[in-house]
>>> print(open('work28.cif').read())   # mmCIF, C-alpha atoms
data_entry
#
loop_
_atom_site.label_atom_id
_atom_site.label_comp_id
_atom_site.auth_asym_id
_atom_site.auth_seq_id
_atom_site.Cartn_x
_atom_site.Cartn_y
_atom_site.Cartn_z
CA MET L 1075 13.62 -22.68 -16.07
CA ARG L 1076 10.33 -21.65 -14.50
CA PHE L 1077 10.62 -24.33 -11.79
CA HIS L 1078 14.38 -23.96 -11.31
CA LYS L 1079 15.28 -23.10 -7.72
CA VAL L 1080 18.29 -20.99 -6.80
CA THR L 1081 19.52 -19.62 -3.49
CA LEU L 1082 19.94 -15.90 -3.00
CA GLU L 1083 23.71 -16.42 -3.10
CA GLU L 1084 23.51 -18.31 -6.39
CA ALA L 1085 21.17 -15.65 -7.79
CA LYS L 1086 24.04 -13.13 -7.66
CA SER L 1087 25.62 -14.92 -10.64
CA LEU L 1088 22.46 -14.59 -12.76
CA PRO L 1089 22.02 -11.74 -15.26
CA ILE L 1090 20.77 -8.62 -13.51
CA TRP L 1091 17.38 -8.88 -15.21
CA ARG L 1092 16.77 -12.31 -13.62
CA GLN L 1093 17.87 -11.50 -10.06
CA PRO L 1094 15.49 -11.09 -7.10
CA ILE L 1095 15.67 -7.29 -7.11
CA ALA L 1096 14.65 -7.31 -10.79
CA LEU L 1097 11.56 -9.35 -9.93
CA LEU L 1098 10.67 -6.87 -7.18
CA VAL L 1099 11.05 -4.05 -9.72
CA VAL L 1100 8.79 -5.80 -12.26
CA THR L 1101 6.05 -6.43 -9.73
CA ALA L 1102 6.45 -2.93 -8.26
CA ALA L 1103 5.65 -1.62 -11.76
CA ALA L 1104 2.89 -4.10 -12.63
CA MET L 1105 0.75 -3.66 -9.53
CA PRO L 1106 0.12 0.10 -9.86
CA ILE L 1107 -0.64 -0.17 -13.57
CA ALA L 1108 -3.77 -2.08 -12.58
CA PHE L 1109 -4.53 -0.67 -9.15
CA ALA L 1110 -3.71 2.98 -9.82
CA THR L 1111 -5.82 2.99 -12.98
CA TRP L 1112 -8.72 1.39 -11.12
CA ASN L 1113 -8.32 3.99 -8.39
CA ALA L 1114 -8.08 6.94 -10.80
CA LEU L 1115 -11.35 6.03 -12.52
CA LEU L 1116 -13.20 4.71 -9.51
CA ASN L 1117 -14.86 7.83 -8.09
CA ASN L 1118 -16.05 9.11 -11.46
CA PHE L 1119 -17.12 5.61 -12.53
CA VAL L 1120 -19.25 4.90 -9.45
CA ILE L 1121 -20.78 8.40 -9.36
CA GLU L 1122 -21.55 8.64 -13.09
CA VAL L 1123 -22.48 5.03 -13.81
CA ALA L 1124 -23.87 3.73 -10.52
CA GLY L 1125 -24.97 6.96 -8.79
CA PHE L 1126 -22.94 6.37 -5.62
CA THR L 1127 -23.09 8.75 -2.64
CA GLY L 1128 -20.81 8.79 0.40
CA VAL L 1129 -22.79 5.89 1.87
CA GLU L 1130 -22.21 3.55 -1.09
CA ILE L 1131 -18.55 4.55 -1.49
CA GLY L 1132 -18.06 3.78 2.19
CA TRP L 1133 -19.57 0.31 1.77
CA LEU L 1134 -17.47 -0.27 -1.35
CA HIS L 1135 -14.25 0.41 0.51
CA SER L 1136 -15.32 -1.68 3.48
CA VAL L 1137 -15.87 -4.62 1.12
CA ARG L 1138 -12.55 -3.86 -0.57
CA GLU L 1139 -10.75 -4.16 2.75
CA ILE L 1140 -12.20 -7.53 3.81
CA PRO L 1141 -9.43 -9.50 2.00
CA GLY L 1142 -6.85 -7.33 3.75
CA PHE L 1143 -8.37 -8.31 7.07
CA LEU L 1144 -8.17 -11.95 5.92
CA ALA L 1145 -4.54 -11.63 4.76
CA ILE L 1146 -3.65 -13.98 7.59
CA GLY L 1147 -4.84 -16.71 5.20
CA VAL L 1148 -1.49 -16.33 3.44
CA ILE L 1149 0.03 -18.38 6.26
CA ALA L 1150 -2.17 -21.33 5.30
CA LEU L 1151 -1.56 -20.91 1.59
CA ILE L 1152 2.25 -20.87 1.84
CA MET L 1153 2.05 -24.35 3.33
CA PHE L 1154 1.11 -25.51 -0.17
CA VAL L 1155 2.28 -22.74 -2.52
CA ARG L 1156 5.63 -20.99 -2.61
CA GLU L 1157 5.51 -17.35 -1.56
CA GLN L 1158 6.91 -16.16 -4.87
CA VAL L 1159 4.30 -18.09 -6.88
CA LEU L 1160 1.48 -17.00 -4.59
CA GLY L 1161 2.45 -13.36 -4.98
CA LEU L 1162 2.50 -13.53 -8.77
CA VAL L 1163 -0.80 -15.42 -8.97
CA ALA L 1164 -2.37 -12.79 -6.71
CA LEU L 1165 -0.99 -10.07 -8.99
CA LEU L 1166 -2.52 -11.90 -11.97
CA LEU L 1167 -5.91 -11.96 -10.22
CA LEU L 1168 -5.68 -8.22 -9.54
CA GLY L 1169 -4.99 -7.55 -13.22
CA ALA L 1170 -7.75 -9.80 -14.49
CA ALA L 1171 -10.38 -8.38 -12.11
CA THR L 1172 -9.39 -4.82 -13.00
CA ALA L 1173 -9.73 -5.64 -16.69
CA VAL L 1174 -13.42 -6.55 -16.36
CA THR L 1175 -14.47 -3.90 -13.83
CA ALA L 1176 -16.62 -1.91 -16.27
CA TRP L 1177 -18.62 -5.02 -17.17
CA PHE L 1178 -20.45 -4.81 -13.82
CA PRO L 1179 -21.92 -1.28 -13.52
CA SER L 1180 -24.29 -1.97 -10.61
CA LEU L 1181 -23.78 -1.83 -6.86
CA GLY L 1182 -23.76 -5.63 -6.55
CA GLY L 1183 -21.52 -6.09 -9.57
CA ILE L 1184 -19.05 -3.42 -8.46
CA LEU L 1185 -18.87 -4.89 -4.96
CA THR L 1186 -18.25 -8.40 -6.35
CA ILE L 1187 -15.49 -7.45 -8.79
CA THR L 1188 -13.95 -5.18 -6.16
CA MET L 1189 -13.78 -8.12 -3.78
CA LEU L 1190 -11.92 -10.22 -6.38
CA SER L 1191 -9.45 -7.49 -7.28
CA SER L 1192 -8.93 -6.79 -3.60
CA ILE L 1193 -8.06 -10.43 -2.89
CA GLY L 1194 -5.38 -10.14 -5.56
CA PHE L 1195 -4.11 -6.79 -4.30
CA HIS L 1196 -3.93 -7.63 -0.61
CA TYR L 1197 -2.45 -11.11 -1.00
CA TYR L 1198 0.12 -9.74 -3.43
CA GLU L 1199 1.01 -6.92 -1.03
CA THR L 1200 1.33 -9.30 1.92
CA VAL L 1201 3.69 -11.62 0.07
CA ASN L 1202 5.56 -8.74 -1.55
CA GLN L 1203 6.36 -7.15 1.81
CA SER L 1204 7.63 -10.47 3.08
CA LEU L 1205 9.84 -11.10 0.04
CA GLN L 1206 11.26 -7.58 0.13
CA LEU L 1207 12.46 -8.03 3.71
CA GLN L 1208 13.85 -11.51 2.95
CA TRP L 1209 15.62 -10.62 -0.29
CA ILE L 1210 16.96 -7.12 0.39
CA PRO L 1211 20.03 -6.90 2.67
CA ARG L 1212 19.27 -5.04 5.89
CA GLU L 1213 21.95 -2.40 5.33
CA ARG L 1214 20.51 -1.52 1.90
CA ALA L 1215 16.80 -1.86 2.75
CA PRO L 1216 15.84 1.83 3.21
CA GLN L 1217 17.50 2.89 -0.06
CA VAL L 1218 16.18 -0.05 -2.09
CA LEU L 1219 12.66 0.30 -0.71
CA GLY L 1220 12.80 3.99 -1.58
CA TRP L 1221 13.73 3.11 -5.15
CA LEU L 1222 10.91 0.55 -5.35
CA VAL L 1223 8.47 3.27 -4.28
CA ALA L 1224 9.91 5.42 -7.07
CA VAL L 1225 9.44 2.60 -9.61
CA ALA L 1226 5.82 2.15 -8.57
CA SER L 1227 5.31 5.89 -8.85
CA ALA L 1228 6.85 5.91 -12.33
CA ALA L 1229 4.49 3.13 -13.47
CA SER L 1230 1.53 5.02 -12.07
CA LEU L 1231 2.78 8.18 -13.73
CA ALA L 1232 2.95 6.48 -17.11
CA SER L 1233 -0.59 5.12 -16.69
CA TYR L 1234 -1.98 8.45 -15.56
CA GLY L 1235 -0.10 10.39 -18.22
CA LEU L 1236 -1.64 8.27 -20.96
CA LEU L 1237 -5.05 8.65 -19.33
CA VAL L 1238 -4.85 12.44 -19.18
CA LEU L 1239 -3.60 12.71 -22.78
CA THR L 1240 -6.09 10.29 -24.30
CA TRP L 1241 -9.26 10.32 -22.14
CA LYS L 1242 -10.91 13.28 -23.83
CA ALA L 1243 -8.81 13.36 -27.00
CA PHE L 1244 -9.99 9.89 -28.03
CA ASP L 1245 -13.24 9.83 -26.03
CA LEU L 1246 -12.13 6.68 -24.21
CA SER L 1247 -14.59 4.52 -22.33
CA TYR L 1248 -14.22 3.11 -18.84
CA ASN L 1249 -14.32 -0.36 -20.36
CA PHE L 1250 -11.38 0.27 -22.72
CA VAL L 1251 -9.13 1.76 -20.05
CA TYR L 1252 -9.87 -0.94 -17.49
CA LEU L 1253 -9.27 -3.67 -20.07
CA ALA L 1254 -5.97 -2.16 -21.18
CA ALA L 1255 -4.54 -1.54 -17.71
CA GLY L 1256 -5.71 -4.83 -16.23
CA GLY L 1257 -4.54 -6.75 -19.29
CA ILE L 1258 -1.02 -5.28 -19.12
CA ALA L 1259 -0.67 -6.15 -15.43
CA THR L 1260 -1.93 -9.67 -16.11
CA LEU L 1261 0.63 -10.21 -18.88
CA MET L 1262 3.45 -8.90 -16.70
CA ALA L 1263 2.50 -11.35 -13.92
CA ILE L 1264 2.44 -14.26 -16.36
CA GLY L 1265 5.80 -13.18 -17.78
CA ALA L 1266 7.33 -13.03 -14.30
CA LEU L 1267 6.08 -16.55 -13.55
CA ILE L 1268 7.83 -17.80 -16.69
CA VAL L 1269 11.07 -15.79 -16.70
CA PHE L 1270 12.28 -15.79 -13.10
CA PRO L 1271 13.58 -18.84 -11.22
CA GLN L 1272 12.29 -19.69 -7.77
CA PHE L 1273 14.47 -17.89 -5.21
CA GLU L 1274 15.26 -19.72 -1.98
CA SER L 1275 15.77 -17.60 1.13
CA PRO L 1276 18.63 -18.78 3.39
CA GLU L 1277 16.29 -19.31 6.35
CA PRO L 1278 12.93 -21.01 5.68
CA GLN L 1279 9.86 -19.12 6.83
CA LEU L 1280 7.63 -20.36 9.61
CA LYS L 1281 4.32 -21.59 8.24
CA THR L 1282 2.39 -21.13 11.45
CA PHE L 1283 0.57 -18.26 13.11
CA VAL L 1284 3.10 -15.91 14.77
CA LEU L 1285 2.07 -13.28 17.30
CA ARG L 1286 5.00 -12.24 19.49
CA ARG L 1287 4.77 -9.89 22.48
CA ARG L 1288 7.99 -8.15 21.55
CA TYR L 1289 6.49 -7.01 18.23
CA TRP L 1290 3.64 -5.16 19.98
CA LEU L 1291 4.73 -1.68 18.87
CA TYR L 1292 4.93 -2.78 15.25
CA TYR L 1293 1.41 -4.20 15.51
CA ALA L 1294 0.12 -0.98 17.09
CA LEU L 1295 1.70 1.17 14.38
CA GLN L 1296 0.12 -1.07 11.73
CA ALA L 1297 -3.32 -0.81 13.34
CA MET L 1298 -3.21 2.99 13.48
CA SER L 1299 -1.78 3.23 9.96
CA GLY L 1300 -4.62 1.15 8.55
CA ALA L 1301 -7.33 3.15 10.28
CA ARG L 1302 -5.84 6.51 9.38
CA ARG L 1303 -5.04 5.66 5.79
CA GLN L 1304 -8.59 4.52 5.10
CA ILE L 1305 -9.87 8.03 5.63
CA PHE L 1306 -7.44 9.40 3.08
CA VAL L 1307 -7.94 6.61 0.53
CA VAL L 1308 -11.73 6.66 0.72
CA PHE L 1309 -12.60 10.30 1.18
CA ALA L 1310 -9.79 12.58 -0.04
CA ALA L 1311 -10.20 11.82 -3.76
CA PHE L 1312 -13.96 11.43 -3.33
CA MET L 1313 -14.00 14.99 -1.98
CA MET L 1314 -12.27 16.28 -5.12
CA VAL L 1315 -15.06 14.83 -7.27
CA GLU L 1316 -18.05 15.49 -5.00
CA ARG L 1317 -17.16 18.98 -3.70
CA PHE L 1318 -15.09 20.43 -6.54
CA GLY L 1319 -16.57 18.54 -9.53
CA PHE L 1320 -13.29 17.07 -10.80
CA GLU L 1321 -13.56 15.03 -14.01
CA VAL L 1322 -11.54 11.90 -14.80
CA HIS L 1323 -8.68 13.72 -16.51
CA GLU L 1324 -8.52 16.30 -13.70
CA VAL L 1325 -8.39 13.66 -10.95
CA THR L 1326 -5.76 11.82 -12.96
CA ALA L 1327 -3.71 15.01 -13.43
CA LEU L 1328 -3.67 15.39 -9.65
CA PHE L 1329 -2.45 11.81 -9.33
CA ILE L 1330 0.29 12.54 -11.86
CA ILE L 1331 1.60 15.39 -9.72
CA ASN L 1332 1.61 12.98 -6.76
CA PHE L 1333 3.67 10.39 -8.50
CA VAL L 1334 6.15 12.82 -10.02
CA ALA L 1335 6.76 14.07 -6.49
CA ASN L 1336 7.14 10.49 -5.24
CA MET L 1337 9.56 9.61 -8.02
CA LEU L 1338 11.75 12.54 -7.03
CA PHE L 1339 11.49 12.30 -3.26
CA ALA L 1340 11.11 8.58 -2.43
CA PRO L 1341 14.80 7.72 -3.05
CA LEU L 1342 15.76 10.77 -0.97
CA MET L 1343 13.42 9.61 1.78
CA GLY L 1344 15.08 6.18 1.66
CA ARG L 1345 18.45 7.79 2.27
CA ALA L 1346 16.96 9.96 5.01
CA VAL L 1347 15.58 6.90 6.83
CA ALA L 1348 18.96 5.18 6.52
CA ARG L 1349 20.69 8.24 8.01
CA TRP L 1350 18.23 9.51 10.61
CA GLY L 1351 16.44 6.29 11.56
CA GLU L 1352 12.88 5.05 11.59
CA ARG L 1353 11.92 6.93 14.77
CA ARG L 1354 12.56 10.39 13.33
CA ALA L 1355 11.15 9.49 9.92
CA LEU L 1356 7.85 8.27 11.33
CA MET L 1357 7.57 11.15 13.79
CA PHE L 1358 8.05 13.55 10.87
CA GLU L 1359 5.39 11.71 8.85
CA TYR L 1360 2.78 11.65 11.59
CA GLY L 1361 3.41 15.23 12.68
CA GLY L 1362 2.93 16.37 9.10
CA LEU L 1363 -0.24 14.32 8.70
CA ILE L 1364 -1.82 15.95 11.74
CA LEU L 1365 -1.48 19.34 10.04
CA VAL L 1366 -2.66 18.00 6.68
CA PHE L 1367 -5.84 16.42 8.07
CA LEU L 1368 -6.66 19.52 10.09
CA ALA L 1369 -6.31 21.57 6.91
CA TYR L 1370 -8.61 19.13 5.08
CA GLY L 1371 -11.22 19.80 7.74
CA GLY L 1372 -10.70 23.53 7.23
CA ILE L 1373 -11.85 23.15 3.62
CA TYR L 1374 -15.33 22.39 4.96
CA TYR L 1375 -15.36 24.58 8.07
CA PHE L 1376 -13.78 27.68 6.49
CA GLY L 1377 -14.58 27.21 2.79
CA TRP L 1378 -10.97 26.97 1.63
CA GLY L 1379 -10.62 26.41 -2.11
CA VAL L 1380 -9.63 23.79 -4.62
CA MET L 1381 -5.99 24.86 -4.94
CA LEU L 1382 -5.34 24.17 -1.26
CA ALA L 1383 -7.24 20.86 -1.50
CA GLY L 1384 -5.04 19.75 -4.40
CA ALA L 1385 -1.86 20.82 -2.61
CA LEU L 1386 -2.88 18.93 0.53
CA TYR L 1387 -3.54 15.81 -1.54
CA VAL L 1388 0.01 15.88 -2.92
CA ILE L 1389 1.60 16.63 0.46
CA ASP L 1390 -0.48 13.84 2.01
CA HIS L 1391 0.92 11.33 -0.50
CA LEU L 1392 4.49 12.40 0.20
CA PHE L 1393 4.06 11.82 3.92
CA PHE L 1394 2.48 8.42 3.31
CA SER L 1395 5.44 7.38 1.17
CA LEU L 1396 7.55 7.37 4.35
CA ALA L 1397 5.52 4.42 5.62
CA PHE L 1398 8.22 1.99 4.43
CA ALA L 1399 10.14 3.03 7.58
CA MET L 1400 7.78 0.67 9.42
CA LYS L 1401 9.07 -2.18 7.25
CA THR L 1402 12.71 -1.45 8.00
CA TYR L 1403 11.91 -1.06 11.71
CA PHE L 1404 10.40 -4.54 11.71
CA GLN L 1405 13.29 -5.94 9.66
CA LYS L 1406 15.71 -4.79 12.37
CA ILE L 1407 13.82 -6.36 15.29
CA ALA L 1408 12.55 -9.56 13.63
CA ASP L 1409 13.80 -13.12 13.46
CA VAL L 1410 14.13 -13.93 9.75
CA PRO L 1411 11.78 -16.98 9.90
CA ASP L 1412 9.09 -14.71 11.37
CA ILE L 1413 8.95 -12.35 8.39
CA ALA L 1414 6.36 -14.15 6.21
CA PRO L 1415 3.85 -15.06 8.96
CA THR L 1416 4.24 -11.67 10.64
CA ALA L 1417 3.66 -9.89 7.33
CA ALA L 1418 0.33 -11.71 7.11
CA VAL L 1419 -0.57 -10.97 10.72
CA ALA L 1420 0.43 -7.32 10.35
CA PHE L 1421 -1.65 -6.95 7.20
CA THR L 1422 -4.66 -8.35 9.04
CA ILE L 1423 -4.07 -5.97 11.96
CA ASN L 1424 -3.66 -3.10 9.49
CA HIS L 1425 -7.11 -3.86 8.11
CA ILE L 1426 -9.08 -4.38 11.32
CA ALA L 1427 -10.47 -0.85 11.23
CA ALA L 1428 -10.57 -0.83 7.43
CA VAL L 1429 -13.39 -3.37 7.34
CA PHE L 1430 -15.90 -1.25 9.26
CA LEU L 1431 -14.47 2.29 9.33
CA PRO L 1432 -15.27 3.36 5.72
CA ALA L 1433 -18.90 2.25 5.99
CA LEU L 1434 -19.39 3.97 9.37
CA LEU L 1435 -17.63 7.13 8.26
CA GLY L 1436 -19.71 7.17 5.08
CA TYR L 1437 -22.71 7.99 7.27
CA LEU L 1438 -20.72 10.62 9.18
CA TRP L 1439 -19.52 12.06 5.86
CA VAL L 1440 -23.02 12.92 4.67
CA GLN L 1441 -23.56 14.82 7.96
CA SER L 1442 -20.14 16.44 8.51
CA PRO L 1443 -17.20 15.77 6.14
CA GLY L 1444 -14.96 18.02 8.23
CA ALA L 1445 -15.48 15.78 11.28
CA VAL L 1446 -14.15 12.81 9.30
CA PHE L 1447 -10.86 14.60 8.69
CA GLY L 1448 -10.76 15.76 12.32
CA LEU L 1449 -10.93 12.12 13.36
CA ALA L 1450 -8.03 11.35 11.02
CA ALA L 1451 -5.94 14.09 12.66
CA GLY L 1452 -6.58 12.45 16.04
CA MET L 1453 -5.41 9.11 14.67
CA ALA L 1454 -2.24 10.72 13.33
CA ALA L 1455 -1.60 12.18 16.79
CA ALA L 1456 -1.93 8.71 18.33
CA SER L 1457 0.52 7.37 15.74
CA LEU L 1458 2.97 10.13 16.61
CA MET L 1459 2.94 9.10 20.27
CA LEU L 1460 3.58 5.48 19.29
CA ALA L 1461 6.48 6.48 17.01
CA MET L 1462 8.15 8.17 19.99
CA LEU L 1463 8.54 4.68 21.51
CA ILE L 1464 10.79 3.46 18.67
CA PRO L 1465 14.47 3.37 19.74
CA ARG L 1466 17.04 5.32 17.74
CA HIS L 1467 18.74 2.01 16.93
CA PRO L 1468 16.11 -0.75 17.17
CA GLU L 1469 17.22 -4.36 17.26
CA LYS L 1470 16.13 -7.72 18.58
CA GLY L 1471 15.85 -7.35 22.35
CA HIS L 1472 15.60 -3.55 22.08
CA GLU L 1473 12.33 -3.16 20.20
CA THR L 1474 11.02 -0.11 22.09
CA VAL L 1475 12.43 2.58 24.37
CA LEU L 1476 10.52 0.89 27.19
CA THR L 1477 12.41 -2.39 26.91
CA GLY L 1478 16.02 -3.36 26.88
CA THR L 1479 16.39 -7.09 27.09
CA ALA L 1480 13.55 -7.51 29.57
CA ILE L 1481 11.43 -9.35 27.02
CA SER L 1482 12.96 -12.50 25.68
CA PRO L 1483 13.39 -12.49 21.85
CA ALA L 1484 11.52 -15.78 21.77
CA GLU L 1485 8.37 -14.23 23.20
#
>>> encode(input="work28.cif", output="structure tokens")
Amino acid sequence: MRFHKVTLEEAKSLPIWRQPIALLVVTAAAMPIAFATWNALLNNFVIEVAGFTGVEIGWLHSVREIPGFLAIGVIALIMFVREQVLGLVALLLLGAATAVTAWFPSLGGILTITMLSSIGFHYYETVNQSLQLQWIPRERAPQVLGWLVAVASAASLASYGLLVLTWKAFDLSYNFVYLAAGGIATLMAIGALIVFPQFESPEPQLKTFVLRRRYWLYYALQAMSGARRQIFVVFAAFMMVERFGFEVHEVTALFIINFVANMLFAPLMGRAVARWGERRALMFEYGGLILVFLAYGGIYYFGWGVMLAGALYVIDHLFFSLAFAMKTYFQKIADVPDIAPTAAVAFTINHIAAVFLPALLGYLWVQSPGAVFGLAAGMAAASLMLAMLIPRHPEKGHETVLTGTAISPAE
């Protein structure tokens, strides 16, 4: 049954646990088991074991983002490998690389294994975004994507909960936790390869490079999102360890609060996007992020304390969870055959700044951490201005408030 192909229409007659949405749920759970565990341990692991400073952590995240910048390679790979298979193999690579992370406790070793896990993560995410937009009906997309965010948050919550309860109680090692989390994700990917049939989308995807002028706003939003998010991903948690001395179980407890909040609010945010539209959702996200990043800077300039830092971290995550509104915006303006190649192009655009920004900001961080967060606030402001260009009801031929049907859909 592994190689059996079914159309999306035929898949409706399959048991619920073998339908496309079920596969998206399984992978939405498997990915964070590996990645979230890696992320929860990372800052303590590199500081305690490898003696990293802001400079090394910046280089680590720049290396981690190189495969994201090269996500455009997915277009070449899907000429030879089905998207569904490619996504699951990438998920398997992420799990396997996570499992052996603690075996390489040097700068070179950490950079190498991070590169491998990052290839798995970014190629999985590229394909996953494409399959979500192909498999989920447009009218249900905001709600279903909200639920998938909640599933991923629940998986992360389970991982973090076990970590908090057992890290000190059983004196766990980095090696044991990485092996367990990576191994579980690897087994789930293998199981998904075996259990689910190959789902055929009604319109085949283009297997060529696609860069259309009418998608320019989507590309711009992706570029700003990638640059801005890097500052949060690289430096927000690092700050909690470096400035406030958080230990593994304390960092993980903070992550748990994040994911409980996401479990509760992501489905509500999905309904909100469906009701109020992508324009208002993204404007709300970016406006909130401006305030959050300015407050992060205030921690350094005004000496604000750990409680505010923790609260900002949770609020930050909630705003970022609205980012799926970009997906539904693109789904509304895109030709269906464009989805897979554009997902790859968008992922590359999203990671242009990610390749060099963490390393450069690592040097700024050791001089002025507050300035790093001030820069992020400026990026959020730029994103807010771009979001204002999204129409209330975007569609093909009406991609921005600046264009009606002036730009041909074929361009």
>>> closest_residue(input="work28.cif", among="L:Ile1464, L:Met1314, L:Val1163, L:Val1388", to="Ala1355 (chain L)", atoms="only C-alpha atoms")
L:Ile1464
>>> atom_distance(input="work28.cif", atom1="CA of Glu1316 (chain L)", atom2="CA of Ser1247 (chain L)")
20.8 Å
>>> residues_around(input="work28.cif", residues="Arg1156 (chain L)", least_positions_apart="5", cutoff="12 Å", atoms="only C-alpha atoms", output="JSON, numbers by chain")
{"L": [1077, 1079, 1148, 1149, 1150, 1151, 1161, 1162, 1163, 1201, 1205, 1267, 1271, 1272, 1273, 1274, 1275, 1278, 1279, 1281, 1414]}
>>> resolve_selection(input="work28.cif", expression="the PyMOL selection byres ((chain L and resi 1358) around 12)", output="number ranges by chain")
L: 1343, 1346-1347, 1350-1357, 1359-1365, 1392-1397, 1399, 1454-1455, 1457-1459, 1461-1462
>>> residues_around(input="work28.cif", residues="Phe1195 (chain L)", least_positions_apart="6", cutoff="8 Å", atoms="all atoms listed in the file", output="ChimeraX atom specification")
/L:1105,1109,1164-1165,1168
>>> closest_residue(input="work28.cif", among="L:Glu1324, L:Phe1143, L:Met1189, L:Gly1265", to="Lys1242 (chain L)", atoms="only C-alpha atoms")
L:Glu1324
>>> resolve_selection(input="work28.cif", expression="the PyMOL selection byres ((chain L and resi 1233-1240) around 9)", output="PyMOL selection string")
chain L and resi 1106-1108+1110-1111+1114+1228-1232+1241-1246+1251+1255+1322-1324+1326-1327+1329-1330
>>> closest_residue(input="work28.cif", among="L:Pro1216, L:Gly1147, L:Gly1319, L:Gly1300", to="Thr1282 (chain L)", atoms="only C-alpha atoms")
L:Gly1147
>>> resolve_selection(input="work28.cif", expression="the PyMOL selection byres ((chain L and resi 1180) around 10)", output="ChimeraX atom specification")
/L:1120,1123-1126,1176-1179,1181-1186
>>> write_last_selection(input="work28.cif", atoms="C-alpha atoms", output="compact mmCIF listing (two decimals), in the frame of the given file")
# COMPACT_ATOMS: atom_id res chain seq x y z
CA VAL L 1120 -19.25 4.90 -9.45
CA VAL L 1123 -22.48 5.03 -13.81
CA ALA L 1124 -23.87 3.73 -10.52
CA GLY L 1125 -24.97 6.96 -8.79
CA PHE L 1126 -22.94 6.37 -5.62
CA ALA L 1176 -16.62 -1.91 -16.27
CA TRP L 1177 -18.62 -5.02 -17.17
CA PHE L 1178 -20.45 -4.81 -13.82
CA PRO L 1179 -21.92 -1.28 -13.52
CA LEU L 1181 -23.78 -1.83 -6.86
CA GLY L 1182 -23.76 -5.63 -6.55
CA GLY L 1183 -21.52 -6.09 -9.57
CA ILE L 1184 -19.05 -3.42 -8.46
CA LEU L 1185 -18.87 -4.89 -4.96
CA THR L 1186 -18.25 -8.40 -6.35
>>> decode(input="work28.cif", residues="region 1431-1461 of chain L", atoms="C-alpha atoms", output="JSON list (two decimals), in the first residue's frame")
[["chain", "number", "residue", "atom", "x", "y", "z"],
["L", 1431, "LEU", "CA", 22.12, 38.38, 9.78],
["L", 1432, "PRO", "CA", 22.71, 36.16, 12.85],
["L", 1433, "ALA", "CA", 26.49, 36.21, 12.39],
["L", 1434, "LEU", "CA", 26.59, 39.99, 11.89],
["L", 1435, "LEU", "CA", 24.23, 40.65, 14.78],
["L", 1436, "GLY", "CA", 26.29, 38.35, 16.98],
["L", 1437, "TYR", "CA", 29.04, 40.97, 16.85],
["L", 1438, "LEU", "CA", 26.53, 43.77, 17.53],
["L", 1439, "TRP", "CA", 25.10, 41.72, 20.41],
["L", 1440, "VAL", "CA", 28.36, 41.68, 22.35],
["L", 1441, "GLN", "CA", 28.46, 45.50, 22.05],
["L", 1442, "SER", "CA", 24.78, 46.43, 22.48],
["L", 1443, "PRO", "CA", 22.07, 43.74, 22.84],
["L", 1444, "GLY", "CA", 19.39, 46.43, 23.07],
["L", 1445, "ALA", "CA", 20.32, 47.72, 19.61],
["L", 1446, "VAL", "CA", 19.65, 44.26, 18.16],
["L", 1447, "PHE", "CA", 16.07, 44.36, 19.42],
["L", 1448, "GLY", "CA", 15.69, 47.96, 18.23],
["L", 1449, "LEU", "CA", 16.60, 46.78, 14.74],
["L", 1450, "ALA", "CA", 13.94, 44.06, 15.01],
["L", 1451, "ALA", "CA", 11.32, 46.68, 15.92],
["L", 1452, "GLY", "CA", 12.24, 48.59, 12.76],
["L", 1453, "MET", "CA", 11.80, 45.44, 10.69],
["L", 1454, "ALA", "CA", 8.38, 44.86, 12.24],
["L", 1455, "ALA", "CA", 7.41, 48.42, 11.31],
["L", 1456, "ALA", "CA", 8.43, 47.76, 7.69],
["L", 1457, "SER", "CA", 6.33, 44.58, 7.72],
["L", 1458, "LEU", "CA", 3.36, 46.54, 9.04],
["L", 1459, "MET", "CA", 3.56, 48.95, 6.10],
["L", 1460, "LEU", "CA", 3.69, 46.02, 3.66],
["L", 1461, "ALA", "CA", 0.67, 44.36, 5.32]]
